Amino acid sequence: MVLVIDAQVAGISGDMLLSSLVNMGAKKSKVIDAAYSIEEYLRGSKIAKMDFEKTVKHGTEATYLVLETIEEYHERKGIEIQECILSTSDKIGLSEKAKVFAKESIRSLLYAESNIHGETLESVHFHEASSIDTAIDIIGSAIALDDLRLFSDEIISTPVAVGGGTLTFSHGTVSNPASAILEIFRGSDIAIHGGRIKEELTTPTGASLLVNLVDKCSEFYPTMKIKSIGYGAGSKNFDGFPNVLKIVQGELTEEFQLDTIQILETNLDDVSGETIGHMIDKLIANGAKDVTVTGGITKKGRPTNLVSVICEPSIANTLISMLISETGTLGVRIRSSNRYVVPRIVVSVPITIQGKNFTVKCKIVKHNETIKHFKVESDDVKTISDSLSLSFKETSDLISSEIKLRLNIR
């Protein structure tokens, strides 16, 4: 199963994620009971009222969190919130995956504030995130994900709308997205964009939950059969679009999966073959999915080599810098492309050939749990070929026969 967190229009906050999970079917009584358990570990915080209700946001019916709290403190050390979340996680019996998710989510907030202010984790103070709301969002989302058994799903995020303009909070007026948002997303594979309005669309808590939950970011939904949908409303109302986070659970079709790649291209007309060969090796070693070099003719009849590189969006800038530094090219074209790929898994298979034991990596394509195709990594074939003093073809045939035997492939 796969879960898509669609934050490309209205962004994400902690209460929006929690509400969307309840809307999808998580038991709200479990979430509310867990929230009241938090009071025991967070001094000076009380829940006056908590419930989940239906609302309509710009024509979309969604669930939103009704929460009224009594707070004695408007500033706390972040470590207090962390200790509260860890203690509550133990008390309410979260699964290990849910405990790790809750722990890492609050740590993302702590690290962001620590990096921004140049303070240790132990001394960082929370202002906006100091209330019981933060703990409720994190613990509530963890228990809702547990209840829906979503930790076992592949979880995908769309690019996230963060908004624009400026916002004013405890540290004054700053440009949006605030530094905490940027710190939390820094180093993750999740892409952000401004969105459609000059207001805050994504909160630090929402960002922290997202980066610790998703497996990858994609502009497009995967090819899947829809099973359930959840709509979680934010507190604000905007003109032109519903302030709603949409989450969609589905079953991946086995034939193909859709993902997004970057294609980098440049023309080289004054570079030696040795330089191009080294460039290919270096690009592949640094994460390029494939590198193709094609001969051609350009202006004034000049012979040229067209270099085309396929890579993940997250490493495009790194590979562009590498292309420029390795070849001296003066420009690199870049474009996004979506592609269909056949789902596959990589397994290590122990084999025995001519009395010697080896382990080879093997890509396997399955259909209805039956192996339809497999391919052995060529580097492993080369290693075994050298070890046995056999030709590449002979070695490949022997390995294939052995793998068919080991994996029961007919």
# chains A, B, ... in the order shown; residues from 1 in each chain; ligands from 1
$ select_by_dssp --residues "range 42-209 of chain A" --states "strand (DSSP E or B)" --output "ChimeraX atom specification"
/A:45-57,60-71,76-77,125-126,154-157,160-161,163,166-169,172-175,192-193,200
$ residues_around --residues "Ile263 in chain A" --least-positions-apart "5" --cutoff "12 Å" --atoms "only C-alpha atoms" --output "list in words"
Ala288, Lys289, Asp290, Val291, Thr292, Val307, Ser308, Val309, Ile310, Cys311, Glu312, Pro313, Ile315, Ala316, Asn317, Leu319, Ile320, Val332, Arg333, Ile334, Arg335, Ser336, Ser337, Asn338 and Arg339 of chain A
$ closest_atom_pairs --of "range 200-295 of chain A" --to "range 111-119 of chain A" --cutoff "12 Å" --atoms "only C-alpha atoms" --output "Markdown table"
| residue | atom | partner | partner_atom | distance |
| --- | --- | --- | --- | --- |
| A:Pro204 | CA | A:Ala112 | CA | 9.0 |
| A:Thr205 | CA | A:Ala112 | CA | 10.9 |
| A:Ala207 | CA | A:Ala112 | CA | 10.9 |
| A:Ser208 | CA | A:Ala112 | CA | 9.4 |
$ closest_residue --among "A:Asp153, A:Asp33, A:Glu199, A:Glu75" --to "Ala10 in chain A" --atoms "only C-alpha atoms"
A:Glu199
$ decode --residues "range 389-405 of chain A" --atoms "N, CA and C atoms" --output "PDB file, in the first residue's frame"
ATOM      1  N   SER A 389      38.746 -17.347 -13.941  1.00  0.00           N
ATOM      2  CA  SER A 389      39.438 -17.317 -15.239  1.00  0.00           C
ATOM      3  C   SER A 389      38.543 -17.820 -16.364  1.00  0.00           C
ATOM      4  N   LEU A 390      37.296 -17.341 -16.343  1.00  0.00           N
ATOM      5  CA  LEU A 390      36.336 -17.689 -17.381  1.00  0.00           C
ATOM      6  C   LEU A 390      35.929 -16.423 -18.134  1.00  0.00           C
ATOM      7  N   SER A 391      35.343 -16.594 -19.318  1.00  0.00           N
ATOM      8  CA  SER A 391      34.853 -15.440 -20.059  1.00  0.00           C
ATOM      9  C   SER A 391      33.628 -14.861 -19.353  1.00  0.00           C
ATOM     10  N   PHE A 392      33.339 -13.596 -19.673  1.00  0.00           N
ATOM     11  CA  PHE A 392      32.175 -12.936 -19.078  1.00  0.00           C
ATOM     12  C   PHE A 392      30.903 -13.712 -19.406  1.00  0.00           C
ATOM     13  N   LYS A 393      30.760 -14.151 -20.681  1.00  0.00           N
ATOM     14  CA  LYS A 393      29.547 -14.866 -21.099  1.00  0.00           C
ATOM     15  C   LYS A 393      29.409 -16.204 -20.382  1.00  0.00           C
ATOM     16  N   GLU A 394      30.505 -16.961 -20.291  1.00  0.00           N
ATOM     17  CA  GLU A 394      30.453 -18.251 -19.589  1.00  0.00           C
ATOM     18  C   GLU A 394      30.045 -18.050 -18.127  1.00  0.00           C
ATOM     19  N   THR A 395      30.658 -17.049 -17.501  1.00  0.00           N
ATOM     20  CA  THR A 395      30.360 -16.776 -16.092  1.00  0.00           C
ATOM     21  C   THR A 395      28.904 -16.366 -15.914  1.00  0.00           C
ATOM     22  N   SER A 396      28.423 -15.500 -16.800  1.00  0.00           N
ATOM     23  CA  SER A 396      27.028 -15.041 -16.717  1.00  0.00           C
ATOM     24  C   SER A 396      26.055 -16.204 -16.842  1.00  0.00           C
ATOM     25  N   ASP A 397      26.337 -17.132 -17.762  1.00  0.00           N
ATOM     26  CA  ASP A 397      25.461 -18.303 -17.948  1.00  0.00           C
ATOM     27  C   ASP A 397      25.458 -19.192 -16.703  1.00  0.00           C
ATOM     28  N   LEU A 398      26.626 -19.403 -16.116  1.00  0.00           N
ATOM     29  CA  LEU A 398      26.731 -20.237 -14.913  1.00  0.00           C
ATOM     30  C   LEU A 398      25.991 -19.598 -13.728  1.00  0.00           C
ATOM     31  N   ILE A 399      26.158 -18.266 -13.585  1.00  0.00           N
ATOM     32  CA  ILE A 399      25.480 -17.564 -12.494  1.00  0.00           C
ATOM     33  C   ILE A 399      23.960 -17.637 -12.671  1.00  0.00           C
ATOM     34  N   SER A 400      23.488 -17.427 -13.893  1.00  0.00           N
ATOM     35  CA  SER A 400      22.040 -17.473 -14.163  1.00  0.00           C
ATOM     36  C   SER A 400      21.458 -18.841 -13.824  1.00  0.00           C
ATOM     37  N   SER A 401      22.162 -19.895 -14.209  1.00  0.00           N
ATOM     38  CA  SER A 401      21.688 -21.255 -13.907  1.00  0.00           C
ATOM     39  C   SER A 401      21.614 -21.479 -12.400  1.00  0.00           C
ATOM     40  N   GLU A 402      22.626 -20.992 -11.695  1.00  0.00           N
ATOM     41  CA  GLU A 402      22.669 -21.179 -10.240  1.00  0.00           C
ATOM     42  C   GLU A 402      21.546 -20.392  -9.555  1.00  0.00           C
ATOM     43  N   ILE A 403      21.285 -19.165 -10.027  1.00  0.00           N
ATOM     44  CA  ILE A 403      20.234 -18.334  -9.424  1.00  0.00           C
ATOM     45  C   ILE A 403      18.856 -18.940  -9.674  1.00  0.00           C
ATOM     46  N   LYS A 404      18.635 -19.446 -10.872  1.00  0.00           N
ATOM     47  CA  LYS A 404      17.355 -20.106 -11.164  1.00  0.00           C
ATOM     48  C   LYS A 404      17.115 -21.265 -10.215  1.00  0.00           C
ATOM     49  N   LEU A 405      18.196 -21.968  -9.904  1.00  0.00           N
ATOM     50  CA  LEU A 405      18.091 -23.097  -8.972  1.00  0.00           C
ATOM     51  C   LEU A 405      17.783 -22.609  -7.562  1.00  0.00           C
TER      52      LEU A 405
END
